[in-house]
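model-v9.tsv follows; it contains TSV, C-alpha atoms.
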```tsv
chain	number	residue	atom	x	y	z
A	1	MET	CA	0.00	0.00	0.00
A	2	LEU	CA	1.43	3.33	-1.10
A	3	LYS	CA	1.09	6.38	1.15
A	4	GLY	CA	2.02	9.93	0.24
A	5	ALA	CA	0.79	13.41	-0.59
A	6	ARG	CA	-1.68	14.03	-3.37
A	7	GLN	CA	-0.35	14.41	-6.93
A	8	ILE	CA	3.04	12.75	-6.37
A	9	GLY	CA	2.39	9.98	-8.90
A	10	LYS	CA	1.17	7.03	-6.84
A	11	THR	CA	-1.32	5.86	-9.48
A	12	TRP	CA	1.23	6.24	-12.28
A	13	ALA	CA	3.82	4.27	-10.30
A	14	MET	CA	1.41	1.38	-9.70
A	15	GLU	CA	0.39	1.28	-13.36
A	16	GLN	CA	4.00	1.33	-14.54
A	17	PHE	CA	4.88	-1.44	-12.09
A	18	GLY	CA	2.00	-3.46	-13.49
A	19	LYS	CA	3.05	-2.86	-17.11
A	20	ASN	CA	6.69	-3.73	-16.48
A	21	ASN	CA	6.30	-6.75	-14.21
A	22	PHE	CA	3.03	-8.49	-15.07
A	23	GLU	CA	1.22	-9.69	-18.16
A	24	TYR	CA	-1.84	-7.66	-17.12
A	25	TYR	CA	-2.91	-5.11	-14.54
A	26	ALA	CA	-6.47	-4.39	-13.46
A	27	LYS	CA	-7.11	-1.03	-11.82
A	28	PHE	CA	-10.20	-0.38	-9.70
A	29	ASP	CA	-10.69	3.28	-8.73
A	30	PHE	CA	-13.09	3.68	-5.80
A	31	ASP	CA	-13.40	7.43	-6.37
A	32	LYS	CA	-14.29	7.25	-10.08
A	33	GLN	CA	-16.33	4.04	-9.67
A	34	PRO	CA	-18.16	4.33	-6.32
A	35	GLU	CA	-20.36	1.39	-7.33
A	36	LEU	CA	-17.33	-0.86	-6.69
A	37	ALA	CA	-18.00	-0.50	-2.96
A	38	SER	CA	-21.04	-2.78	-3.31
A	39	VAL	CA	-18.74	-5.67	-4.28
A	40	PHE	CA	-17.12	-5.59	-0.85
A	41	GLN	CA	-20.30	-4.88	1.13
A	42	ASN	CA	-21.18	-8.42	2.08
A	43	LEU	CA	-18.22	-10.40	0.78
A	44	LYS	CA	-15.01	-11.40	2.54
A	45	SER	CA	-13.89	-14.26	0.32
A	46	PRO	CA	-11.25	-13.06	-2.17
A	47	GLU	CA	-12.47	-15.68	-4.64
A	48	ARG	CA	-15.99	-14.25	-4.66
A	49	ILE	CA	-14.73	-10.65	-4.63
A	50	LEU	CA	-12.58	-11.30	-7.69
A	51	LYS	CA	-15.46	-12.93	-9.55
A	52	GLU	CA	-17.51	-9.76	-9.14
A	53	LEU	CA	-14.58	-7.43	-9.84
A	54	ALA	CA	-13.99	-9.31	-13.09
A	55	LEU	CA	-17.29	-7.88	-14.29
A	56	TYR	CA	-15.75	-4.38	-14.09
A	57	ALA	CA	-12.48	-5.33	-15.80
A	58	ASP	CA	-11.65	-5.62	-19.50
A	59	ILE	CA	-8.66	-7.88	-18.89
A	60	PRO	CA	-8.40	-11.29	-17.20
A	61	ILE	CA	-7.58	-11.52	-13.49
A	62	ILE	CA	-5.15	-14.42	-13.28
A	63	ALA	CA	-3.16	-15.40	-10.19
A	64	GLY	CA	0.52	-14.57	-10.68
A	65	LYS	CA	-0.08	-12.86	-14.01
A	66	THR	CA	-2.37	-9.94	-13.15
A	67	LEU	CA	-1.54	-7.11	-10.78
A	68	ILE	CA	-4.70	-5.96	-8.96
A	69	ILE	CA	-4.68	-2.22	-8.20
A	70	PHE	CA	-7.08	-0.64	-5.69
A	71	ASP	CA	-6.84	3.13	-6.20
A	72	GLU	CA	-8.34	5.73	-3.85
A	73	ILE	CA	-8.94	2.86	-1.42
A	74	GLN	CA	-9.77	5.27	1.40
A	75	GLU	CA	-13.21	5.67	-0.20
A	76	CYS	CA	-14.12	2.07	0.69
A	77	GLU	CA	-13.29	0.81	4.18
A	78	LYS	CA	-14.33	-2.75	3.39
A	79	ALA	CA	-11.94	-2.83	0.44
A	80	LEU	CA	-9.18	-1.73	2.82
A	81	ASN	CA	-10.14	-4.53	5.21
A	82	SER	CA	-10.21	-7.04	2.34
A	83	LEU	CA	-6.43	-6.77	2.03
A	84	LYS	CA	-6.23	-8.96	5.15
A	85	TYR	CA	-8.21	-11.73	3.42
A	86	PHE	CA	-6.16	-11.50	0.25
A	87	TYR	CA	-3.04	-11.95	2.38
A	88	GLU	CA	-4.44	-14.88	4.35
A	89	ASP	CA	-6.65	-16.69	1.83
A	90	ALA	CA	-5.36	-15.72	-1.62
A	91	PRO	CA	-1.60	-15.07	-1.41
A	92	GLU	CA	-1.23	-16.17	-5.03
A	93	PHE	CA	-2.80	-12.85	-6.13
A	94	HIS	CA	-0.71	-9.68	-6.20
A	95	VAL	CA	-2.46	-6.59	-4.86
A	96	MET	CA	-1.35	-2.95	-4.66
A	97	ALA	CA	-3.37	-0.14	-3.13
A	98	ALA	CA	-3.05	3.62	-2.73
A	99	GLY	CA	-5.15	6.54	-1.65
A	100	SER	CA	-5.08	10.31	-1.46
A	101	LEU	CA	-4.93	11.52	2.15
A	102	LEU	CA	-5.08	7.92	3.30
A	103	GLY	CA	-3.79	8.74	6.78
A	104	VAL	CA	-6.32	11.55	7.20
A	105	ALA	CA	-9.25	9.42	5.97
A	106	VAL	CA	-8.35	6.49	8.21
A	107	LYS	CA	-8.31	8.75	11.29
A	108	LYS	CA	-11.45	10.69	10.40
A	109	ARG	CA	-13.57	7.64	9.65
A	110	LYS	CA	-11.94	5.51	12.36
A	111	MET	CA	-10.98	2.95	9.74
A	112	THR	CA	-8.63	0.09	10.56
A	113	VAL	CA	-5.59	-0.88	8.51
A	114	PRO	CA	-4.82	-4.63	8.55
A	115	VAL	CA	-1.51	-4.33	10.40
A	116	GLY	CA	0.93	-7.12	9.66
A	117	LYS	CA	-0.95	-8.11	6.52
A	118	VAL	CA	0.01	-5.13	4.38
A	119	GLU	CA	3.43	-3.76	3.52
A	120	ILE	CA	3.17	0.03	3.66
A	121	MET	CA	5.55	2.03	1.47
A	122	ARG	CA	5.86	5.80	1.69
A	123	MET	CA	6.20	7.70	-1.56
A	124	TYR	CA	7.68	11.18	-1.87
A	125	PRO	CA	7.87	13.90	-4.51
A	126	ILE	CA	10.65	13.47	-7.09
A	127	THR	CA	14.06	14.07	-5.49
A	128	PHE	CA	16.79	16.13	-7.08
A	129	LYS	CA	18.76	12.93	-7.68
A	130	GLU	CA	15.87	11.59	-9.78
A	131	PHE	CA	15.45	14.96	-11.51
A	132	LEU	CA	19.15	15.12	-12.43
A	133	ARG	CA	19.10	11.60	-13.86
A	134	VAL	CA	16.69	12.88	-16.52
A	135	SER	CA	17.75	16.51	-16.91
A	136	ASP	CA	21.51	15.87	-17.19
A	137	ASN	CA	22.29	12.17	-17.20
A	138	LYS	CA	26.00	12.69	-17.89
A	139	THR	CA	26.44	14.77	-14.72
A	140	TYR	CA	24.27	12.32	-12.78
A	141	SER	CA	26.50	9.42	-13.88
A	142	TYR	CA	29.62	11.36	-12.89
A	143	ILE	CA	28.30	11.81	-9.33
A	144	GLU	CA	27.10	8.20	-9.15
A	145	GLU	CA	30.59	6.96	-9.98
A	146	LEU	CA	32.39	9.36	-7.63
A	147	GLU	CA	33.73	7.29	-4.73
A	148	THR	CA	35.84	9.81	-2.80
A	149	PRO	CA	34.95	13.35	-1.68
A	150	THR	CA	37.35	15.17	-3.99
A	151	HIS	CA	36.86	18.54	-5.64
A	152	LEU	CA	34.45	18.45	-8.56
A	153	PRO	CA	35.53	19.94	-11.89
A	154	GLU	CA	34.14	23.46	-12.20
A	155	ILE	CA	32.01	22.46	-15.19
A	156	ILE	CA	30.31	19.71	-13.14
A	157	LEU	CA	29.72	22.02	-10.18
A	158	ASN	CA	28.22	24.71	-12.42
A	159	LYS	CA	25.92	22.21	-14.11
A	160	LEU	CA	24.75	20.95	-10.70
A	161	LYS	CA	23.98	24.49	-9.57
A	162	LEU	CA	21.98	25.25	-12.71
A	163	GLU	CA	19.93	22.05	-12.52
A	164	TYR	CA	19.38	22.52	-8.78
A	165	ARG	CA	17.97	26.01	-9.32
A	166	ARG	CA	15.67	24.62	-12.00
A	167	TYR	CA	14.55	21.91	-9.59
A	168	MET	CA	13.82	24.50	-6.87
A	169	ILE	CA	11.50	26.19	-9.37
A	170	CYS	CA	9.41	23.18	-10.38
A	171	GLY	CA	9.91	20.98	-7.31
A	172	GLY	CA	9.16	17.29	-7.30
A	173	MET	CA	5.50	17.15	-8.28
A	174	PRO	CA	5.69	14.98	-11.43
A	175	GLU	CA	3.39	17.04	-13.64
A	176	ALA	CA	5.26	20.28	-12.88
A	177	THR	CA	8.63	18.55	-13.26
A	178	VAL	CA	7.71	17.15	-16.67
A	179	ALA	CA	6.45	20.57	-17.80
A	180	LEU	CA	9.80	22.14	-16.95
A	181	LEU	CA	11.88	19.33	-18.46
A	182	GLU	CA	9.83	19.50	-21.65
A	183	ASN	CA	10.32	23.29	-21.82
A	184	GLN	CA	6.60	24.03	-21.72
A	185	GLY	CA	7.33	27.42	-20.15
A	186	MET	CA	7.18	28.88	-16.66
A	187	GLU	CA	3.58	29.97	-17.07
A	188	GLU	CA	2.59	26.31	-17.48
A	189	VAL	CA	4.75	25.18	-14.54
A	190	ASP	CA	3.21	27.83	-12.27
A	191	LYS	CA	-0.28	26.95	-13.48
A	192	ILE	CA	0.23	23.27	-12.60
A	193	LEU	CA	1.63	24.09	-9.16
A	194	GLN	CA	-1.23	26.50	-8.46
A	195	ASN	CA	-3.78	23.85	-9.46
A	196	ILE	CA	-2.19	21.41	-7.01
A	197	LEU	CA	-2.33	24.02	-4.23
A	198	GLU	CA	-6.00	24.59	-4.95
A	199	MET	CA	-6.68	20.83	-4.89
A	200	TYR	CA	-4.98	20.63	-1.51
A	201	GLU	CA	-7.28	23.31	-0.16
A	202	LEU	CA	-10.33	21.56	-1.56
A	203	ASP	CA	-9.20	18.52	0.41
A	204	PHE	CA	-9.52	20.60	3.59
A	205	ALA	CA	-13.25	20.89	2.94
A	206	LYS	CA	-13.61	17.20	2.03
A	207	TYR	CA	-11.64	15.55	4.81
A	208	ALA	CA	-11.16	18.05	7.66
A	209	GLU	CA	-13.63	18.80	10.43
A	210	PRO	CA	-15.43	22.12	9.78
A	211	ARG	CA	-13.73	23.86	12.70
A	212	GLU	CA	-10.30	22.72	11.45
A	213	ILE	CA	-10.66	24.00	7.88
A	214	PRO	CA	-9.69	27.65	8.59
A	215	ARG	CA	-6.86	26.47	10.87
A	216	ASN	CA	-5.44	24.14	8.22
A	217	HIS	CA	-5.65	26.99	5.75
A	218	ALA	CA	-3.96	29.45	8.14
A	219	ILE	CA	-1.04	27.13	8.99
A	220	TRP	CA	-0.47	26.15	5.36
A	221	HIS	CA	-0.40	29.79	4.20
A	222	SER	CA	1.88	30.81	7.07
A	223	LEU	CA	4.73	28.57	5.87
A	224	PRO	CA	6.51	31.21	3.75
A	225	SER	CA	6.42	33.64	6.69
A	226	GLN	CA	7.59	30.97	9.13
A	227	LEU	CA	10.53	30.02	6.90
A	228	ALA	CA	11.48	33.63	6.16
A	229	LYS	CA	12.49	34.18	9.79
A	230	GLU	CA	16.17	33.92	10.74
A	231	ASN	CA	15.19	31.51	13.51
A	232	ARG	CA	12.73	29.24	11.77
A	233	LYS	CA	11.09	27.84	14.90
A	234	PHE	CA	7.34	27.62	14.34
A	235	ILE	CA	5.62	30.65	15.92
A	236	TYR	CA	1.86	30.49	16.48
A	237	LYS	CA	1.39	34.27	16.56
A	238	ILE	CA	2.50	34.39	12.90
A	239	ILE	CA	-0.68	32.44	12.10
A	240	LYS	CA	-2.91	34.73	14.13
A	241	SER	CA	-2.43	37.20	16.97
A	242	GLY	CA	-3.13	35.42	20.22
A	243	ALA	CA	-3.07	31.95	18.65
A	244	ARG	CA	-2.36	29.14	21.12
A	245	SER	CA	-0.73	25.79	20.50
A	246	LYS	CA	-3.69	23.75	21.80
A	247	ASP	CA	-5.97	25.38	19.21
A	248	TYR	CA	-3.75	24.41	16.26
A	249	GLU	CA	-2.29	21.03	17.25
A	250	ASP	CA	-5.04	19.05	15.49
A	251	ALA	CA	-4.58	21.10	12.33
A	252	LEU	CA	-0.81	20.50	12.36
A	253	MET	CA	-1.39	16.76	12.75
A	254	TRP	CA	-3.92	16.83	9.88
A	255	LEU	CA	-1.37	18.46	7.55
A	256	GLU	CA	1.26	15.93	8.64
A	257	ASP	CA	-1.09	12.99	8.02
A	258	ALA	CA	-1.91	14.44	4.60
A	259	GLY	CA	1.80	14.45	3.74
A	260	MET	CA	1.72	18.22	3.13
A	261	ILE	CA	4.23	19.22	5.83
A	262	TYR	CA	7.17	17.85	7.78
A	263	ARG	CA	7.50	18.75	11.44
A	264	ILE	CA	11.14	18.77	12.65
A	265	TYR	CA	11.63	18.86	16.44
A	266	ASN	CA	14.36	20.52	18.45
A	267	ILE	CA	16.53	18.32	20.66
A	268	SER	CA	17.85	19.33	24.07
A	269	LYS	CA	21.11	17.51	23.33
A	270	PRO	CA	22.39	15.08	20.69
A	271	GLY	CA	21.99	11.90	22.74
A	272	MET	CA	21.20	8.38	21.56
A	273	PRO	CA	18.42	7.84	20.56
A	274	LEU	CA	17.60	11.33	19.33
A	275	SER	CA	13.88	10.73	19.83
A	276	ALA	CA	14.44	10.61	23.61
A	277	TYR	CA	15.64	14.22	23.58
A	278	ALA	CA	12.96	15.76	21.37
A	279	GLU	CA	11.29	18.90	22.70
A	280	THR	CA	7.72	18.58	21.50
A	281	ASP	CA	6.92	22.26	22.06
A	282	ALA	CA	9.77	23.49	19.83
A	283	PHE	CA	9.68	22.56	16.16
A	284	LYS	CA	10.07	23.81	12.60
A	285	VAL	CA	7.59	23.15	9.80
A	286	TYR	CA	8.59	22.61	6.18
A	287	ALA	CA	6.51	22.04	3.05
A	288	CYS	CA	6.48	18.62	1.39
A	289	ASP	CA	7.82	20.16	-1.82
A	290	CYS	CA	10.01	23.16	-2.61
A	291	GLY	CA	8.12	23.92	-5.84
A	292	LEU	CA	4.82	24.12	-3.99
A	293	LEU	CA	6.49	26.28	-1.33
A	294	ARG	CA	7.77	28.66	-4.00
A	295	GLN	CA	4.32	28.91	-5.56
A	296	LEU	CA	2.69	29.33	-2.14
A	297	ALA	CA	5.07	32.23	-1.48
A	298	LYS	CA	4.40	33.71	-4.96
A	299	LEU	CA	8.15	33.82	-5.57
A	300	PRO	CA	8.87	34.30	-9.30
A	301	ALA	CA	11.09	31.72	-10.95
A	302	SER	CA	13.37	34.52	-12.16
A	303	ILE	CA	14.34	35.29	-8.56
A	304	ILE	CA	15.55	31.71	-8.03
A	305	LEU	CA	17.63	31.86	-11.22
A	306	ASP	CA	19.08	35.31	-10.46
A	307	GLN	CA	22.17	34.76	-8.30
A	308	THR	CA	22.17	38.41	-7.20
A	309	ALA	CA	18.49	38.52	-6.23
A	310	ASN	CA	17.72	39.96	-2.82
A	311	TYR	CA	15.49	37.50	-1.00
A	312	THR	CA	17.97	36.77	1.77
A	313	GLU	CA	15.72	35.49	4.57
A	314	PHE	CA	13.44	33.28	2.47
A	315	LYS	CA	16.44	31.98	0.49
A	316	GLY	CA	17.62	30.24	3.67
A	317	GLY	CA	14.22	28.62	4.19
A	318	MET	CA	14.10	27.43	0.58
A	319	ALA	CA	17.61	26.00	0.89
A	320	GLU	CA	16.67	24.02	4.01
A	321	ASN	CA	13.37	22.80	2.54
A	322	THR	CA	15.08	21.55	-0.63
A	323	VAL	CA	17.88	19.77	1.24
A	324	LEU	CA	15.30	18.15	3.52
A	325	GLN	CA	13.61	16.64	0.45
A	326	SER	CA	16.88	14.90	-0.39
A	327	LEU	CA	17.56	13.80	3.19
A	328	ILE	CA	14.28	12.09	4.09
A	329	PRO	CA	14.36	9.32	1.43
A	330	THR	CA	18.09	8.86	2.12
A	331	LEU	CA	17.31	8.44	5.83
A	332	LYS	CA	14.78	5.72	4.93
A	333	ASP	CA	11.64	7.61	5.99
A	334	THR	CA	13.15	8.93	9.25
A	335	LEU	CA	12.79	12.63	9.93
A	336	PRO	CA	15.84	14.53	11.20
A	337	TYR	CA	15.83	16.84	14.24
A	338	TYR	CA	17.46	20.21	14.77
A	339	TRP	CA	19.55	21.69	17.59
A	340	SER	CA	19.07	25.22	18.86
A	341	PRO	CA	20.04	25.69	22.53
A	342	ASP	CA	19.55	29.45	22.32
A	343	SER	CA	19.13	32.28	19.82
A	344	ARG	CA	22.88	32.40	19.12
A	345	ALA	CA	23.28	28.94	17.59
A	346	GLU	CA	21.29	26.57	15.42
A	347	ILE	CA	22.16	23.38	13.57
A	348	GLU	CA	19.52	23.00	10.85
A	349	PHE	CA	19.36	19.19	10.97
A	350	VAL	CA	20.71	16.48	13.27
A	351	ILE	CA	20.50	12.86	12.13
A	352	GLN	CA	21.11	9.46	13.66
A	353	TRP	CA	23.28	7.48	11.24
A	354	GLY	CA	24.00	4.01	12.53
A	355	GLU	CA	25.85	4.54	15.80
A	356	ASP	CA	26.74	8.14	14.96
A	357	ILE	CA	24.86	11.39	15.48
A	358	ILE	CA	25.71	13.84	12.72
A	359	PRO	CA	25.04	17.61	12.76
A	360	ILE	CA	24.11	19.07	9.37
A	361	GLU	CA	24.47	22.76	8.57
A	362	VAL	CA	22.59	24.12	5.55
A	363	LYS	CA	23.71	27.35	3.94
A	364	ALA	CA	22.05	29.22	1.10
A	365	GLU	CA	24.40	28.96	-1.85
A	366	ASN	CA	27.81	30.48	-0.91
A	367	CYS	CA	26.80	32.17	2.34
A	368	VAL	CA	28.70	30.14	4.97
A	369	SER	CA	29.12	32.69	7.74
A	370	GLY	CA	28.18	31.81	11.31
A	371	ARG	CA	29.74	29.73	14.08
A	372	SER	CA	26.94	27.29	14.95
A	373	ILE	CA	28.75	24.20	13.62
A	374	VAL	CA	31.89	25.28	15.50
A	375	VAL	CA	29.93	25.74	18.74
A	376	TYR	CA	28.36	22.30	18.31
A	377	HIS	CA	31.73	20.69	17.54
A	378	GLU	CA	33.45	22.25	20.55
A	379	LYS	CA	30.66	21.06	22.85
A	380	TYR	CA	29.96	17.52	21.55
A	381	HIS	CA	32.95	16.52	19.35
A	382	PRO	CA	30.97	14.53	16.74
A	383	LYS	CA	32.80	12.02	14.57
A	384	HIS	CA	31.30	13.58	11.42
A	385	ARG	CA	29.93	17.02	10.54
A	386	ILE	CA	28.25	18.01	7.28
A	387	ARG	CA	27.80	21.39	5.65
A	388	PHE	CA	25.60	21.74	2.58
A	389	SER	CA	26.16	24.87	0.49
A	390	PHE	CA	27.22	25.74	-3.07
A	391	PHE	CA	30.91	25.30	-2.26
A	392	ASN	CA	32.87	22.42	-3.74
A	393	LEU	CA	33.06	18.89	-2.36
A	394	GLN	CA	35.73	18.04	0.19
A	395	TYR	CA	36.29	16.12	3.43
A	396	ASN	CA	38.62	17.56	6.04
A	397	CYS	CA	39.08	16.51	9.69
A	398	GLY	CA	35.59	15.07	10.06
A	399	MET	CA	33.84	17.86	8.12
A	400	LEU	CA	32.16	16.90	4.86
A	401	SER	CA	31.60	20.05	2.84
A	402	CYS	CA	29.09	19.02	0.20
A	403	PRO	CA	27.31	20.93	-2.57
A	404	SER	CA	23.58	21.02	-1.72
A	405	PRO	CA	22.60	19.51	-5.10
A	406	ILE	CA	24.30	16.23	-4.18
A	407	ALA	CA	22.94	15.98	-0.64
A	408	GLY	CA	21.24	12.72	-1.59
A	409	TRP	CA	24.64	11.07	-2.11
A	410	PHE	CA	26.26	12.14	1.19
A	411	PRO	CA	26.49	8.67	2.88
A	412	LYS	CA	29.11	7.31	0.49
A	413	TRP	CA	31.50	10.19	1.26
A	414	LEU	CA	31.56	9.85	5.05
A	415	ILE	CA	35.07	8.64	5.85
A	416	ASP	CA	35.77	6.58	8.97
A	417	ASN	CA	38.54	8.10	11.03
```

Using structure tokens, write down the structure that the file contains.
Amino acid sequence: MLKGARQIGKTWAMEQFGKNNFEYYAKFDFDKQPELASVFQNLKSPERILKELALYADIPIIAGKTLIIFDEIQECEKALNSLKYFYEDAPEFHVMAAGSLLGVAVKKRKMTVPVGKVEIMRMYPITFKEFLRVSDNKTYSYIEELETPTHLPEIILNKLKLEYRRYMICGGMPEATVALLENQGMEEVDKILQNILEMYELDFAKYAEPREIPRNHAIWHSLPSQLAKENRKFIYKIIKSGARSKDYEDALMWLEDAGMIYRIYNISKPGMPLSAYAETDAFKVYACDCGLLRQLAKLPASIILDQTANYTEFKGGMAENTVLQSLIPTLKDTLPYYWSPDSRAEIEFVIQWGEDIIPIEVKAENCVSGRSIVVYHEKYHPKHRIRFSFFNLQYNCGMLSCPSPIAGWFPKWLIDN
């Protein structure tokens, strides 16, 4: 079962998997075909369910040869429950399922997911690594084959910077990414991103409780302001004067469950495990996609491409958001933390990597001023430190200085001392 934000390509991925790995695939969409729900109403036997589903399919449903796809499965709780019976009574059939806002729908309708019977996979927007593989495969292959953290040729570094800026414009929503890669023009890219934003807000009305709708809307639209601050800790008064945490906690959880935001918690100290030191009342909120964040902020693409453009504060937020999109899949679905003991120091991300805890500093392009990583190093003496910026690749005395575009490759350049 695939989970993930709306419009990230879950349906396409299932269909492609079916085309490439099976003789047939049969897709049943519970949103477009609500009458499908009647098939599951009084039936639990996969054999009988498949006999009725066959009436809705134009291709044969054959064990081992046909991939069965249940799309928008959140619209039919009994179909969700049927996955248990397919697992137990019909393991010879291959079933994939996905749904928009699956986590939200399950909570709202108090639906149960057959735990232990279903393998849940989280899907994310396209990463820069995936974008580069298509936009400049030669540069992608160069980075893939690079085994040691040595200086990149200037031509490679410049190509990475250009493609990274283009990625920050379109983000990882497949339709917007394809529009940019096919040179359909910025007007089309912005139109696609705006349509996705509007669909997200329509989801508020469909799946959120009435009292939560304006709060979801307020938090979502506050993201550019939250990330434009020098200290990007989430501040409730930016949403609304006098706003209190208890009034917005449910809305924050809704946006998290919908896959629209990531909540990154502060840690009191970098101890093992990091989760034991999380401060639940201090956190930062990032958007699921840098392209959507740019469109939400109404930031013109030309500003991203212009290296001299003056958008200093928000540039830092965009840099962090884009690096985070590379880190999360690399960390295998684990969210990082951040460290900010006071207003004088902040490490943007702290990760648990095997037995090591690694501080990660993120700088916007070539702006690497500040002593936070030095303060952290003097206090905790980590084995590894990482700085993402637009400076060249190198490893020196435990510090991996890595161009932000290749953040998704960082693990292979950590050198054991």

If you count only C-alpha atoms, the residue of A:Ile358, A:Met121, A:Ala364, A:Leu296 closest to A:Leu400 turns out to be A:Ile358

Determine the nearest neighbour of A:Pro403 from the options A:Ile156, A:Ala26, A:Ile196, A:Ala251, counting all atoms listed in the file.
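Going through A:Ile156, A:Ala26, A:Ile196, A:Ala251 one by one, the smallest distance to A:Pro403 is for A:Ile156.
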
query = What does the distance between atom CA of A:Phe314 and atom CA of A:Val350 come to in Å, to one decimal place?
reply =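 Between these atoms lies a distance of 21.3 Å.
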
Min atom-atom distance to A:Tyr142 from the set A:Ala278, A:Val375, A:Leu157, A:Val118, counting only C-alpha atoms, belongs to A:Leu157

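Straight-line separation from atom CA of A:Ala54 to atom CA of A:Gln74: 21.0 Å.
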
*For A:Ser404, please output as number ranges by chain all residues within 6 Å (counting only C-alpha atoms; exclusion window: fewer than 3 positions along the same chain).*
A: 388-389, 407

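Computed from the coordinates, the atom CA of A:Ala37 to atom CA of A:Leu255 distance equals 27.3 Å.
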
task = Return the single residue from A:Lys412, A:Lys10, A:Arg387, A:Arg166 that is closest to A:Val374, with distances computed using all atoms listed in the file.
result =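 Closest residue, counting all atoms listed in the file: A:Arg387.
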
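Here the question is which of A:Leu335, A:Leu101, A:Met123, A:Ile303 gets nearest to A:Tyr265 using all atoms listed in the file, and that residue is A:Leu335.
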
- Query: In terms of the shortest atom-to-atom distance over all atoms listed in the file, which of A:Gln194, A:Met1, A:Ser245, A:Ala258 is closest to A:Val115?
  - Reply: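 Under the stated criterion, the closest residue is A:Met1.
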
Exercise: A:Phe86 partners within 10 Å, only C-alpha atoms, chain neighbours under 4 positions left out, as a PDB file with C-alpha atoms, in the frame of the given file:
```
ATOM      1  CA  LYS A  44     -15.010 -11.400   2.540  1.00  0.00           C
ATOM      2  CA  SER A  45     -13.890 -14.260   0.320  1.00  0.00           C
ATOM      3  CA  PRO A  46     -11.250 -13.060  -2.170  1.00  0.00           C
ATOM      4  CA  GLU A  47     -12.470 -15.680  -4.640  1.00  0.00           C
ATOM      5  CA  ILE A  49     -14.730 -10.650  -4.630  1.00  0.00           C
ATOM      6  CA  ASN A  81     -10.140  -4.530   5.210  1.00  0.00           C
ATOM      7  CA  SER A  82     -10.210  -7.040   2.340  1.00  0.00           C
ATOM      8  CA  ALA A  90      -5.360 -15.720  -1.620  1.00  0.00           C
ATOM      9  CA  PRO A  91      -1.600 -15.070  -1.410  1.00  0.00           C
ATOM     10  CA  GLU A  92      -1.230 -16.170  -5.030  1.00  0.00           C
ATOM     11  CA  PHE A  93      -2.800 -12.850  -6.130  1.00  0.00           C
ATOM     12  CA  HIS A  94      -0.710  -9.680  -6.200  1.00  0.00           C
ATOM     13  CA  VAL A  95      -2.460  -6.590  -4.860  1.00  0.00           C
ATOM     14  CA  LYS A 117      -0.950  -8.110   6.520  1.00  0.00           C
ATOM     15  CA  VAL A 118       0.010  -5.130   4.380  1.00  0.00           C
TER      16      VAL A 118
END
```

Exercise. Which residues come within 9 Å of A:Ile357, counting all atoms listed in the file, excluding same-chain residues fewer than 6 positions away, as a PyMOL selection string?
Worked result: chain A and resi 270-274+350-351+382-384

* Asked: Skipping near chain neighbours, those fewer than 2 positions away, what residues fall within 9 Å of A:Asp71 using only C-alpha atoms, listed as a PyMOL selection string?
  -> chain A and resi 10-11+27-31+69+73-74+96-100

Could the residues in this selection be written to a file with C-alpha atoms, as a short mmCIF file (atom, residue, chain, number, x, y, z; two decimals), in the frame of the given file?
```cif
data_model
loop_
_atom_site.label_atom_id
_atom_site.label_comp_id
_atom_site.auth_asym_id
_atom_site.auth_seq_id
_atom_site.Cartn_x
_atom_site.Cartn_y
_atom_site.Cartn_z
CA LYS A 10 1.17 7.03 -6.84
CA THR A 11 -1.32 5.86 -9.48
CA LYS A 27 -7.11 -1.03 -11.82
CA PHE A 28 -10.20 -0.38 -9.70
CA ASP A 29 -10.69 3.28 -8.73
CA PHE A 30 -13.09 3.68 -5.80
CA ASP A 31 -13.40 7.43 -6.37
CA ILE A 69 -4.68 -2.22 -8.20
CA ILE A 73 -8.94 2.86 -1.42
CA GLN A 74 -9.77 5.27 1.40
CA MET A 96 -1.35 -2.95 -4.66
CA ALA A 97 -3.37 -0.14 -3.13
CA ALA A 98 -3.05 3.62 -2.73
CA GLY A 99 -5.15 6.54 -1.65
CA SER A 100 -5.08 10.31 -1.46
#
```

All residues 10 Å or closer to A:Ser343, only C-alpha atoms, same chain fewer than 3 positions away omitted, as a tab-separated table (two decimals) with C-alpha atoms, keeping the file's coordinate frame:
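And here's around.tsv as it stands now:
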```tsv
chain	number	residue	atom	x	y	z
A	230	GLU	CA	16.17	33.92	10.74
A	231	ASN	CA	15.19	31.51	13.51
A	340	SER	CA	19.07	25.22	18.86
A	346	GLU	CA	21.29	26.57	15.42
```
